[in-house]
file data.txt (compact mmCIF, C-alpha atoms)
# COMPACT_ATOMS: atom_id res chain seq x y z
CA GLN C 1090 104.83 104.87 77.33
CA GLY C 1091 101.45 103.39 78.20
CA GLN C 1092 99.68 103.53 81.50
CA LEU C 1093 99.71 101.72 84.84
CA VAL C 1094 96.71 101.71 87.18
CA GLU C 1095 96.86 100.34 90.70
CA SER C 1096 93.84 99.02 92.56
CA GLY C 1097 92.99 96.92 95.58
CA GLY C 1098 93.97 99.27 98.36
CA GLY C 1099 91.74 99.94 101.33
CA LEU C 1100 91.35 99.84 105.09
CA VAL C 1101 92.23 96.62 106.89
CA GLN C 1102 92.95 95.60 110.46
CA ALA C 1103 96.41 94.58 111.53
CA GLY C 1104 96.99 90.94 110.67
CA GLY C 1105 94.72 91.13 107.66
CA SER C 1106 95.46 90.81 103.96
CA LEU C 1107 95.05 92.79 100.77
CA ARG C 1108 95.96 92.11 97.16
CA LEU C 1109 97.01 95.03 95.02
CA SER C 1110 96.80 94.93 91.24
CA CYS C 1111 98.81 96.89 88.71
CA ALA C 1112 97.07 96.87 85.34
CA SER C 1113 99.03 97.91 82.29
CA SER C 1114 97.71 99.27 79.03
CA GLY C 1115 99.31 100.65 75.91
CA ARG C 1116 102.68 98.99 76.44
CA LEU C 1117 104.35 95.62 75.90
CA PHE C 1118 103.88 94.56 79.50
CA GLY C 1119 105.33 91.12 78.90
CA PHE C 1120 108.75 92.69 78.41
CA ASP C 1121 108.54 94.90 81.52
CA ASP C 1122 110.21 94.51 84.86
CA VAL C 1123 107.79 95.76 87.52
CA GLY C 1124 108.55 97.37 90.84
CA TRP C 1125 106.37 98.14 93.83
CA PHE C 1126 107.06 101.13 96.05
CA ARG C 1127 105.29 102.86 98.92
CA GLN C 1128 105.32 106.22 100.61
CA ALA C 1129 103.92 107.00 104.02
CA PRO C 1130 103.10 110.55 105.12
CA GLY C 1131 106.23 112.38 106.18
CA LYS C 1132 108.49 109.57 105.02
CA GLU C 1133 110.58 108.92 101.96
CA ARG C 1134 109.38 106.63 99.23
CA GLU C 1135 110.74 103.14 99.68
CA PHE C 1136 111.17 100.01 97.63
CA VAL C 1137 108.83 97.13 98.47
CA ALA C 1138 109.22 94.44 95.81
CA ALA C 1139 110.11 93.79 92.20
CA ILE C 1140 109.41 91.08 89.66
CA SER C 1141 111.21 90.34 86.42
CA TRP C 1142 109.49 90.32 83.05
CA SER C 1143 109.21 86.52 83.14
CA GLY C 1144 108.07 86.33 86.74
CA ARG C 1145 110.91 83.97 87.54
CA THR C 1146 112.84 86.44 89.68
CA THR C 1147 111.47 88.45 92.58
CA TYR C 1148 113.02 90.70 95.18
CA TYR C 1149 111.65 92.04 98.45
CA SER C 1150 112.67 94.57 101.01
CA ASP C 1151 113.57 93.17 104.40
CA SER C 1152 110.53 94.85 105.94
CA VAL C 1153 108.05 92.84 103.85
CA LYS C 1154 109.95 89.63 103.12
CA GLY C 1155 107.91 86.61 104.17
CA ARG C 1156 104.66 88.61 104.27
CA PHE C 1157 104.32 90.05 100.76
CA THR C 1158 104.44 88.19 97.44
CA THR C 1159 104.55 89.70 93.98
CA THR C 1160 103.36 87.79 90.93
CA ARG C 1161 102.24 88.63 87.43
CA ASP C 1162 99.95 87.42 84.69
CA ASN C 1163 101.32 88.65 81.39
CA ALA C 1164 98.25 87.38 79.54
CA LYS C 1165 96.22 89.85 81.61
CA ASN C 1166 98.87 92.59 81.52
CA THR C 1167 98.69 92.73 85.29
CA ALA C 1168 101.05 92.42 88.23
CA TYR C 1169 99.97 91.69 91.76
CA LEU C 1170 101.19 92.33 95.27
CA GLN C 1171 99.69 89.97 97.84
CA MET C 1172 100.10 91.45 101.30
CA ASN C 1173 99.55 89.20 104.30
CA ASN C 1174 99.92 89.76 108.03
CA LEU C 1175 99.69 93.50 107.50
CA LYS C 1176 101.09 95.80 110.13
CA VAL C 1177 100.22 99.38 111.05
CA GLU C 1178 103.60 100.44 109.68
CA ASP C 1179 102.59 99.13 106.23
CA THR C 1180 100.17 102.07 105.93
CA ALA C 1181 101.20 104.02 102.84
CA LEU C 1182 100.38 104.98 99.28
CA TYR C 1183 101.51 102.07 97.12
CA PHE C 1184 102.78 102.53 93.57
CA CYS C 1185 103.74 100.20 90.79
CA ALA C 1186 106.28 101.07 88.14
CA ALA C 1187 107.45 99.41 84.94
CA ARG C 1188 110.35 99.49 82.52
CA PRO C 1189 111.30 97.23 79.63
CA ASP C 1190 113.83 94.65 80.67
CA GLY C 1191 117.35 94.98 79.30
CA ASP C 1192 120.73 93.35 79.50
CA GLY C 1193 122.45 93.54 82.84
CA VAL C 1194 119.49 94.68 84.92
CA THR C 1195 120.50 94.43 88.54
CA ARG C 1196 118.59 94.22 91.78
CA GLN C 1197 120.08 97.56 92.70
CA ALA C 1198 118.47 99.13 89.64
CA LEU C 1199 115.10 97.54 90.31
CA GLU C 1200 115.07 99.09 93.78
CA VAL C 1201 115.29 102.64 92.41
CA PHE C 1202 111.98 104.39 91.67
CA ASP C 1203 113.47 106.70 89.06
CA TRP C 1204 115.00 103.79 87.12
CA TYR C 1205 111.53 102.91 85.85
CA SER C 1206 109.95 104.61 82.85
CA THR C 1207 106.26 104.49 83.73
CA TRP C 1208 104.55 104.87 87.09
CA GLY C 1209 101.02 104.51 88.37
CA GLN C 1210 99.12 107.01 90.48
CA GLY C 1211 99.07 104.83 93.56
CA THR C 1212 96.51 103.12 95.78
CA GLN C 1213 96.14 103.83 99.48
CA VAL C 1214 96.61 101.07 102.03
CA THR C 1215 95.63 101.83 105.61
CA VAL C 1216 96.19 99.31 108.39
CA SER C 1217 94.46 99.94 111.69
CA SER C 1218 95.50 98.54 115.06
call {"tool": "encode", "arguments": {"input": "data.txt", "output": "structure tokens"}}
result
Amino acid sequence: QGQLVESGGGLVQAGGSLRLSCASSGRLFGFDDVGWFRQAPGKEREFVAAISWSGRTTYYSDSVKGRFTTTRDNAKNTAYLQMNNLKVEDTALYFCAARPDGDGVTRQALEVFDWYSTWGQGTQVTVSS
């Protein structure tokens, strides 16, 4: 099963940037697809971005497309979420999740939190106006 640990959250002004990290241990991270999700107080958890095991394919929600970029360094067992031009509405607890890649994985699957097999504890991102 292994473990995922997010870091890099914090308090930033609107228009600023943060880079989140998702560090993996105890699993074959190089075979994992990785998803990023967030949950704001009083709201449902929502999909933010996903990256395939190779890093060649990425997906983004419409709300972050053009502002957020997900990448990975399999040699470091770490995925990243670069967040630029942050908005107040980006304030949330951000999670990463991982699952070994398999045949026929679809974007629809990658957007579902429960599809993944391992989840981190989350890192808080707060954007002030």
call {"tool": "atom_distance", "arguments": {"input": "data.txt", "atom1": "CA of Arg1196 in chain C", "atom2": "CA of Ala1138 in chain C"}}
result
10.2 Å
call {"tool": "atom_distance", "arguments": {"input": "data.txt", "atom1": "CA of Ala1198 in chain C", "atom2": "CA of Asn1173 in chain C"}}
result
25.9 Å
call {"tool": "closest_atom_pairs", "arguments": {"input": "data.txt", "of": "range 1095-1164 of chain C", "to": "range 1177-1183 of chain C", "cutoff": "9 Å", "atoms": "only C-alpha atoms", "output": "tab-separated table"}}
result
residue	atom	partner	partner_atom	distance
C:Glu1095	CA	C:Tyr1183	CA	8.1
C:Gly1098	CA	C:Tyr1183	CA	8.1
C:Gln1102	CA	C:Val1177	CA	8.2
C:Ala1103	CA	C:Val1177	CA	6.1
C:Leu1109	CA	C:Tyr1183	CA	8.6
C:Trp1125	CA	C:Tyr1183	CA	7.1
C:Phe1126	CA	C:Tyr1183	CA	5.7
C:Arg1127	CA	C:Tyr1183	CA	4.3
C:Gln1128	CA	C:Ala1181	CA	5.2
C:Ala1129	CA	C:Ala1181	CA	4.2
C:Pro1130	CA	C:Ala1181	CA	7.2
C:Val1137	CA	C:Tyr1183	CA	8.9
C:Val1153	CA	C:Asp1179	CA	8.7
call {"tool": "atom_distance", "arguments": {"input": "data.txt", "atom1": "CA of Ser1150 in chain C", "atom2": "CA of Gln1090 in chain C"}}
result
27.0 Å
call {"tool": "residues_near_point", "arguments": {"input": "data.txt", "point": "(98.4, 94.7, 100.2)", "cutoff": "7 Å", "atoms": "all atoms listed in the file", "output": "ChimeraX atom specification"}}
result
/C:1098,1106-1109,1170-1173,1214
call {"tool": "closest_residue", "arguments": {"input": "data.txt", "among": "C:Ser1113, C:Lys1154, C:Val1123, C:Thr1146", "to": "Phe1202 in chain C", "atoms": "all atoms listed in the file"}}
result
C:Val1123
call {"tool": "residues_near_point", "arguments": {"input": "data.txt", "point": "(101.4, 88.9, 91.2)", "cutoff": "6 Å", "atoms": "only C-alpha atoms", "output": "list in words"}}
result
Thr1159, Thr1160, Arg1161, Ala1168, Tyr1169 and Leu1170 of chain C
call {"tool": "closest_residue", "arguments": {"input": "data.txt", "among": "C:Leu1175, C:Leu1093, C:Ala1139, C:Leu1100", "to": "Thr1195 in chain C", "atoms": "only C-alpha atoms"}}
result
C:Ala1139
call {"tool": "residues_around", "arguments": {"input": "data.txt", "residues": "Gln1197 in chain C", "least_positions_apart": "3", "cutoff": "12 Å", "atoms": "all atoms listed in the file", "output": "PDB file with C-alpha atoms, in the frame of the given file"}}
result
ATOM      1  CA  GLY C1124     108.550  97.370  90.840  1.00  0.00           C
ATOM      2  CA  PHE C1136     111.170 100.010  97.630  1.00  0.00           C
ATOM      3  CA  ALA C1138     109.220  94.440  95.810  1.00  0.00           C
ATOM      4  CA  ALA C1139     110.110  93.790  92.200  1.00  0.00           C
ATOM      5  CA  TYR C1148     113.020  90.700  95.180  1.00  0.00           C
ATOM      6  CA  TYR C1149     111.650  92.040  98.450  1.00  0.00           C
ATOM      7  CA  SER C1150     112.670  94.570 101.010  1.00  0.00           C
ATOM      8  CA  GLY C1193     122.450  93.540  82.840  1.00  0.00           C
ATOM      9  CA  VAL C1194     119.490  94.680  84.920  1.00  0.00           C
ATOM     10  CA  GLU C1200     115.070  99.090  93.780  1.00  0.00           C
ATOM     11  CA  VAL C1201     115.290 102.640  92.410  1.00  0.00           C
ATOM     12  CA  PHE C1202     111.980 104.390  91.670  1.00  0.00           C
ATOM     13  CA  ASP C1203     113.470 106.700  89.060  1.00  0.00           C
ATOM     14  CA  TRP C1204     115.000 103.790  87.120  1.00  0.00           C
TER      15      TRP C1204
END
call {"tool": "closest_residue", "arguments": {"input": "data.txt", "among": "C:Asp1190, C:Ser1217, C:Asn1163, C:Val1094", "to": "Tyr1205 in chain C", "atoms": "only C-alpha atoms"}}
result
C:Asp1190
call {"tool": "closest_residue", "arguments": {"input": "data.txt", "among": "C:Gly1091, C:Ser1143, C:Ala1187, C:Asp1151", "to": "Arg1116 in chain C", "atoms": "only C-alpha atoms"}}
result
C:Gly1091
call {"tool": "residues_around", "arguments": {"input": "data.txt", "residues": "Pro1189 in chain C", "least_positions_apart": "4", "cutoff": "8 Å", "atoms": "only C-alpha atoms", "output": "list in words"}}
result
Phe1118, Phe1120, Asp1121, Asp1122 and Trp1142 of chain C
call {"tool": "residues_around", "arguments": {"input": "data.txt", "residues": "Ser1096 in chain C", "least_positions_apart": "5", "cutoff": "9 Å", "atoms": "only C-alpha atoms", "output": "ChimeraX atom specification"}}
result
/C:1108-1112,1211-1213
call {"tool": "closest_residue", "arguments": {"input": "data.txt", "among": "C:Asn1174, C:Gly1099, C:Gln1210, C:Arg1134", "to": "Gly1155 in chain C", "atoms": "all atoms listed in the file"}}
result
C:Asn1174
call {"tool": "decode", "arguments": {"input": "data.txt", "residues": "range 1095-1131 of chain C", "atoms": "N, CA, C and O atoms", "output": "PDB file, in the first residue's frame"}}
result
ATOM      1  N   GLU C1095       1.672  14.821   1.480  1.00  0.00           N
ATOM      2  CA  GLU C1095       1.642  16.101   0.782  1.00  0.00           C
ATOM      3  C   GLU C1095       2.368  17.169   1.602  1.00  0.00           C
ATOM      4  O   GLU C1095       2.367  17.118   2.837  1.00  0.00           O
ATOM      5  N   SER C1096       2.933  18.130   0.907  1.00  0.00           N
ATOM      6  CA  SER C1096       3.557  19.278   1.559  1.00  0.00           C
ATOM      7  C   SER C1096       3.507  20.464   0.610  1.00  0.00           C
ATOM      8  O   SER C1096       3.185  20.311  -0.576  1.00  0.00           O
ATOM      9  N   GLY C1097       3.829  21.638   1.134  1.00  0.00           N
ATOM     10  CA  GLY C1097       3.912  22.822   0.297  1.00  0.00           C
ATOM     11  C   GLY C1097       2.737  23.769   0.413  1.00  0.00           C
ATOM     12  O   GLY C1097       2.731  24.838  -0.197  1.00  0.00           O
ATOM     13  N   GLY C1098       1.722  23.379   1.185  1.00  0.00           N
ATOM     14  CA  GLY C1098       0.597  24.273   1.367  1.00  0.00           C
ATOM     15  C   GLY C1098       0.972  25.466   2.226  1.00  0.00           C
ATOM     16  O   GLY C1098       2.060  25.537   2.796  1.00  0.00           O
ATOM     17  N   GLY C1099       0.059  26.420   2.312  1.00  0.00           N
ATOM     18  CA  GLY C1099       0.310  27.593   3.127  1.00  0.00           C
ATOM     19  C   GLY C1099      -0.670  28.699   2.815  1.00  0.00           C
ATOM     20  O   GLY C1099      -1.689  28.488   2.159  1.00  0.00           O
ATOM     21  N   LEU C1100      -0.329  29.896   3.302  1.00  0.00           N
ATOM     22  CA  LEU C1100      -1.149  31.087   3.102  1.00  0.00           C
ATOM     23  C   LEU C1100      -0.502  31.955   2.030  1.00  0.00           C
ATOM     24  O   LEU C1100       0.699  32.255   2.109  1.00  0.00           O
ATOM     25  N   VAL C1101      -1.270  32.348   1.048  1.00  0.00           N
ATOM     26  CA  VAL C1101      -0.738  33.166  -0.047  1.00  0.00           C
ATOM     27  C   VAL C1101      -1.809  34.164  -0.466  1.00  0.00           C
ATOM     28  O   VAL C1101      -3.003  33.897  -0.322  1.00  0.00           O
ATOM     29  N   GLN C1102      -1.368  35.290  -0.978  1.00  0.00           N
ATOM     30  CA  GLN C1102      -2.315  36.285  -1.475  1.00  0.00           C
ATOM     31  C   GLN C1102      -2.821  35.889  -2.858  1.00  0.00           C
ATOM     32  O   GLN C1102      -2.128  35.192  -3.615  1.00  0.00           O
ATOM     33  N   ALA C1103      -3.990  36.362  -3.164  1.00  0.00           N
ATOM     34  CA  ALA C1103      -4.554  36.125  -4.494  1.00  0.00           C
ATOM     35  C   ALA C1103      -3.572  36.610  -5.556  1.00  0.00           C
ATOM     36  O   ALA C1103      -2.965  37.672  -5.412  1.00  0.00           O
ATOM     37  N   GLY C1104      -3.422  35.798  -6.594  1.00  0.00           N
ATOM     38  CA  GLY C1104      -2.455  36.090  -7.641  1.00  0.00           C
ATOM     39  C   GLY C1104      -1.105  35.444  -7.423  1.00  0.00           C
ATOM     40  O   GLY C1104      -0.271  35.422  -8.334  1.00  0.00           O
ATOM     41  N   GLY C1105      -0.891  34.922  -6.227  1.00  0.00           N
ATOM     42  CA  GLY C1105       0.380  34.285  -5.917  1.00  0.00           C
ATOM     43  C   GLY C1105       0.454  32.849  -6.378  1.00  0.00           C
ATOM     44  O   GLY C1105      -0.456  32.337  -7.049  1.00  0.00           O
ATOM     45  N   SER C1106       1.545  32.192  -5.997  1.00  0.00           N
ATOM     46  CA  SER C1106       1.808  30.819  -6.437  1.00  0.00           C
ATOM     47  C   SER C1106       2.233  29.947  -5.261  1.00  0.00           C
ATOM     48  O   SER C1106       2.806  30.444  -4.283  1.00  0.00           O
ATOM     49  N   LEU C1107       1.956  28.675  -5.389  1.00  0.00           N
ATOM     50  CA  LEU C1107       2.446  27.656  -4.474  1.00  0.00           C
ATOM     51  C   LEU C1107       2.755  26.405  -5.279  1.00  0.00           C
ATOM     52  O   LEU C1107       2.134  26.170  -6.328  1.00  0.00           O
ATOM     53  N   ARG C1108       3.684  25.596  -4.778  1.00  0.00           N
ATOM     54  CA  ARG C1108       3.922  24.294  -5.380  1.00  0.00           C
ATOM     55  C   ARG C1108       3.736  23.228  -4.314  1.00  0.00           C
ATOM     56  O   ARG C1108       4.446  23.214  -3.309  1.00  0.00           O
ATOM     57  N   LEU C1109       2.796  22.352  -4.555  1.00  0.00           N
ATOM     58  CA  LEU C1109       2.555  21.235  -3.668  1.00  0.00           C
ATOM     59  C   LEU C1109       3.388  20.035  -4.115  1.00  0.00           C
ATOM     60  O   LEU C1109       3.593  19.835  -5.305  1.00  0.00           O
ATOM     61  N   SER C1110       3.809  19.257  -3.141  1.00  0.00           N
ATOM     62  CA  SER C1110       4.527  18.011  -3.412  1.00  0.00           C
ATOM     63  C   SER C1110       3.754  16.844  -2.829  1.00  0.00           C
ATOM     64  O   SER C1110       3.077  16.982  -1.810  1.00  0.00           O
ATOM     65  N   CYS C1111       3.868  15.725  -3.483  1.00  0.00           N
ATOM     66  CA  CYS C1111       3.249  14.480  -3.025  1.00  0.00           C
ATOM     67  C   CYS C1111       4.362  13.433  -3.038  1.00  0.00           C
ATOM     68  O   CYS C1111       4.729  12.924  -4.106  1.00  0.00           O
ATOM     69  N   ALA C1112       4.894  13.136  -1.882  1.00  0.00           N
ATOM     70  CA  ALA C1112       6.016  12.207  -1.763  1.00  0.00           C
ATOM     71  C   ALA C1112       5.501  10.816  -1.436  1.00  0.00           C
ATOM     72  O   ALA C1112       4.707  10.638  -0.520  1.00  0.00           O
ATOM     73  N   SER C1113       5.980   9.854  -2.192  1.00  0.00           N
ATOM     74  CA  SER C1113       5.544   8.470  -2.034  1.00  0.00           C
ATOM     75  C   SER C1113       6.642   7.649  -1.384  1.00  0.00           C
ATOM     76  O   SER C1113       7.831   7.845  -1.649  1.00  0.00           O
ATOM     77  N   SER C1114       6.229   6.704  -0.550  1.00  0.00           N
ATOM     78  CA  SER C1114       7.181   5.769   0.022  1.00  0.00           C
ATOM     79  C   SER C1114       6.506   4.417   0.158  1.00  0.00           C
ATOM     80  O   SER C1114       5.283   4.324   0.304  1.00  0.00           O
ATOM     81  N   GLY C1115       7.312   3.363   0.066  1.00  0.00           N
ATOM     82  CA  GLY C1115       6.783   2.027   0.257  1.00  0.00           C
ATOM     83  C   GLY C1115       5.908   1.501  -0.848  1.00  0.00           C
ATOM     84  O   GLY C1115       5.138   0.555  -0.644  1.00  0.00           O
ATOM     85  N   ARG C1116       6.000   2.098  -2.046  1.00  0.00           N
ATOM     86  CA  ARG C1116       5.229   1.593  -3.174  1.00  0.00           C
ATOM     87  C   ARG C1116       6.011   1.860  -4.456  1.00  0.00           C
ATOM     88  O   ARG C1116       6.942   2.647  -4.470  1.00  0.00           O
ATOM     89  N   LEU C1117       5.624   1.169  -5.521  1.00  0.00           N
ATOM     90  CA  LEU C1117       6.288   1.333  -6.814  1.00  0.00           C
ATOM     91  C   LEU C1117       5.691   2.552  -7.508  1.00  0.00           C
ATOM     92  O   LEU C1117       4.872   2.438  -8.421  1.00  0.00           O
ATOM     93  N   PHE C1118       6.125   3.715  -7.084  1.00  0.00           N
ATOM     94  CA  PHE C1118       5.525   4.965  -7.529  1.00  0.00           C
ATOM     95  C   PHE C1118       5.602   5.131  -9.035  1.00  0.00           C
ATOM     96  O   PHE C1118       4.712   5.718  -9.643  1.00  0.00           O
ATOM     97  N   GLY C1119       6.641   4.616  -9.642  1.00  0.00           N
ATOM     98  CA  GLY C1119       6.806   4.759 -11.084  1.00  0.00           C
ATOM     99  C   GLY C1119       5.730   4.080 -11.895  1.00  0.00           C
ATOM    100  O   GLY C1119       5.603   4.354 -13.092  1.00  0.00           O
ATOM    101  N   PHE C1120       4.936   3.218 -11.288  1.00  0.00           N
ATOM    102  CA  PHE C1120       3.832   2.566 -11.979  1.00  0.00           C
ATOM    103  C   PHE C1120       2.482   3.211 -11.651  1.00  0.00           C
ATOM    104  O   PHE C1120       1.457   2.786 -12.168  1.00  0.00           O
ATOM    105  N   ASP C1121       2.495   4.212 -10.788  1.00  0.00           N
ATOM    106  CA  ASP C1121       1.248   4.811 -10.296  1.00  0.00           C
ATOM    107  C   ASP C1121       0.748   5.947 -11.171  1.00  0.00           C
ATOM    108  O   ASP C1121       1.518   6.824 -11.564  1.00  0.00           O
ATOM    109  N   ASP C1122      -0.558   5.965 -11.394  1.00  0.00           N
ATOM    110  CA  ASP C1122      -1.223   7.195 -11.823  1.00  0.00           C
ATOM    111  C   ASP C1122      -1.483   7.996 -10.547  1.00  0.00           C
ATOM    112  O   ASP C1122      -1.760   7.429  -9.485  1.00  0.00           O
ATOM    113  N   VAL C1123      -1.404   9.310 -10.642  1.00  0.00           N
ATOM    114  CA  VAL C1123      -1.570  10.172  -9.465  1.00  0.00           C
ATOM    115  C   VAL C1123      -2.660  11.207  -9.728  1.00  0.00           C
ATOM    116  O   VAL C1123      -2.695  11.822 -10.794  1.00  0.00           O
ATOM    117  N   GLY C1124      -3.517  11.370  -8.765  1.00  0.00           N
ATOM    118  CA  GLY C1124      -4.564  12.376  -8.868  1.00  0.00           C
ATOM    119  C   GLY C1124      -4.427  13.398  -7.756  1.00  0.00           C
ATOM    120  O   GLY C1124      -3.905  13.109  -6.677  1.00  0.00           O
ATOM    121  N   TRP C1125      -4.880  14.596  -8.052  1.00  0.00           N
ATOM    122  CA  TRP C1125      -4.951  15.670  -7.055  1.00  0.00           C
ATOM    123  C   TRP C1125      -6.416  16.061  -6.865  1.00  0.00           C
ATOM    124  O   TRP C1125      -7.150  16.226  -7.844  1.00  0.00           O
ATOM    125  N   PHE C1126      -6.802  16.219  -5.615  1.00  0.00           N
ATOM    126  CA  PHE C1126      -8.167  16.575  -5.274  1.00  0.00           C
ATOM    127  C   PHE C1126      -8.130  17.679  -4.217  1.00  0.00           C
ATOM    128  O   PHE C1126      -7.100  17.902  -3.578  1.00  0.00           O
ATOM    129  N   ARG C1127      -9.241  18.337  -4.020  1.00  0.00           N
ATOM    130  CA  ARG C1127      -9.324  19.352  -2.975  1.00  0.00           C
ATOM    131  C   ARG C1127     -10.721  19.371  -2.378  1.00  0.00           C
ATOM    132  O   ARG C1127     -11.691  18.977  -3.023  1.00  0.00           O
ATOM    133  N   GLN C1128     -10.780  19.833  -1.140  1.00  0.00           N
ATOM    134  CA  GLN C1128     -12.064  19.955  -0.469  1.00  0.00           C
ATOM    135  C   GLN C1128     -12.069  21.213   0.369  1.00  0.00           C
ATOM    136  O   GLN C1128     -11.216  21.373   1.258  1.00  0.00           O
ATOM    137  N   ALA C1129     -12.994  22.081   0.077  1.00  0.00           N
ATOM    138  CA  ALA C1129     -13.173  23.312   0.841  1.00  0.00           C
ATOM    139  C   ALA C1129     -14.228  23.080   1.910  1.00  0.00           C
ATOM    140  O   ALA C1129     -15.094  22.210   1.754  1.00  0.00           O
ATOM    141  N   PRO C1130     -14.181  23.850   2.991  1.00  0.00           N
ATOM    142  CA  PRO C1130     -15.175  23.679   4.059  1.00  0.00           C
ATOM    143  C   PRO C1130     -16.594  23.817   3.521  1.00  0.00           C
ATOM    144  O   PRO C1130     -16.914  24.761   2.795  1.00  0.00           O
ATOM    145  N   GLY C1131     -17.428  22.846   3.871  1.00  0.00           N
ATOM    146  CA  GLY C1131     -18.821  22.901   3.461  1.00  0.00           C
ATOM    147  C   GLY C1131     -19.071  22.514   2.025  1.00  0.00           C
ATOM    148  O   GLY C1131     -20.203  22.597   1.547  1.00  0.00           O
TER     149      GLY C1131
END
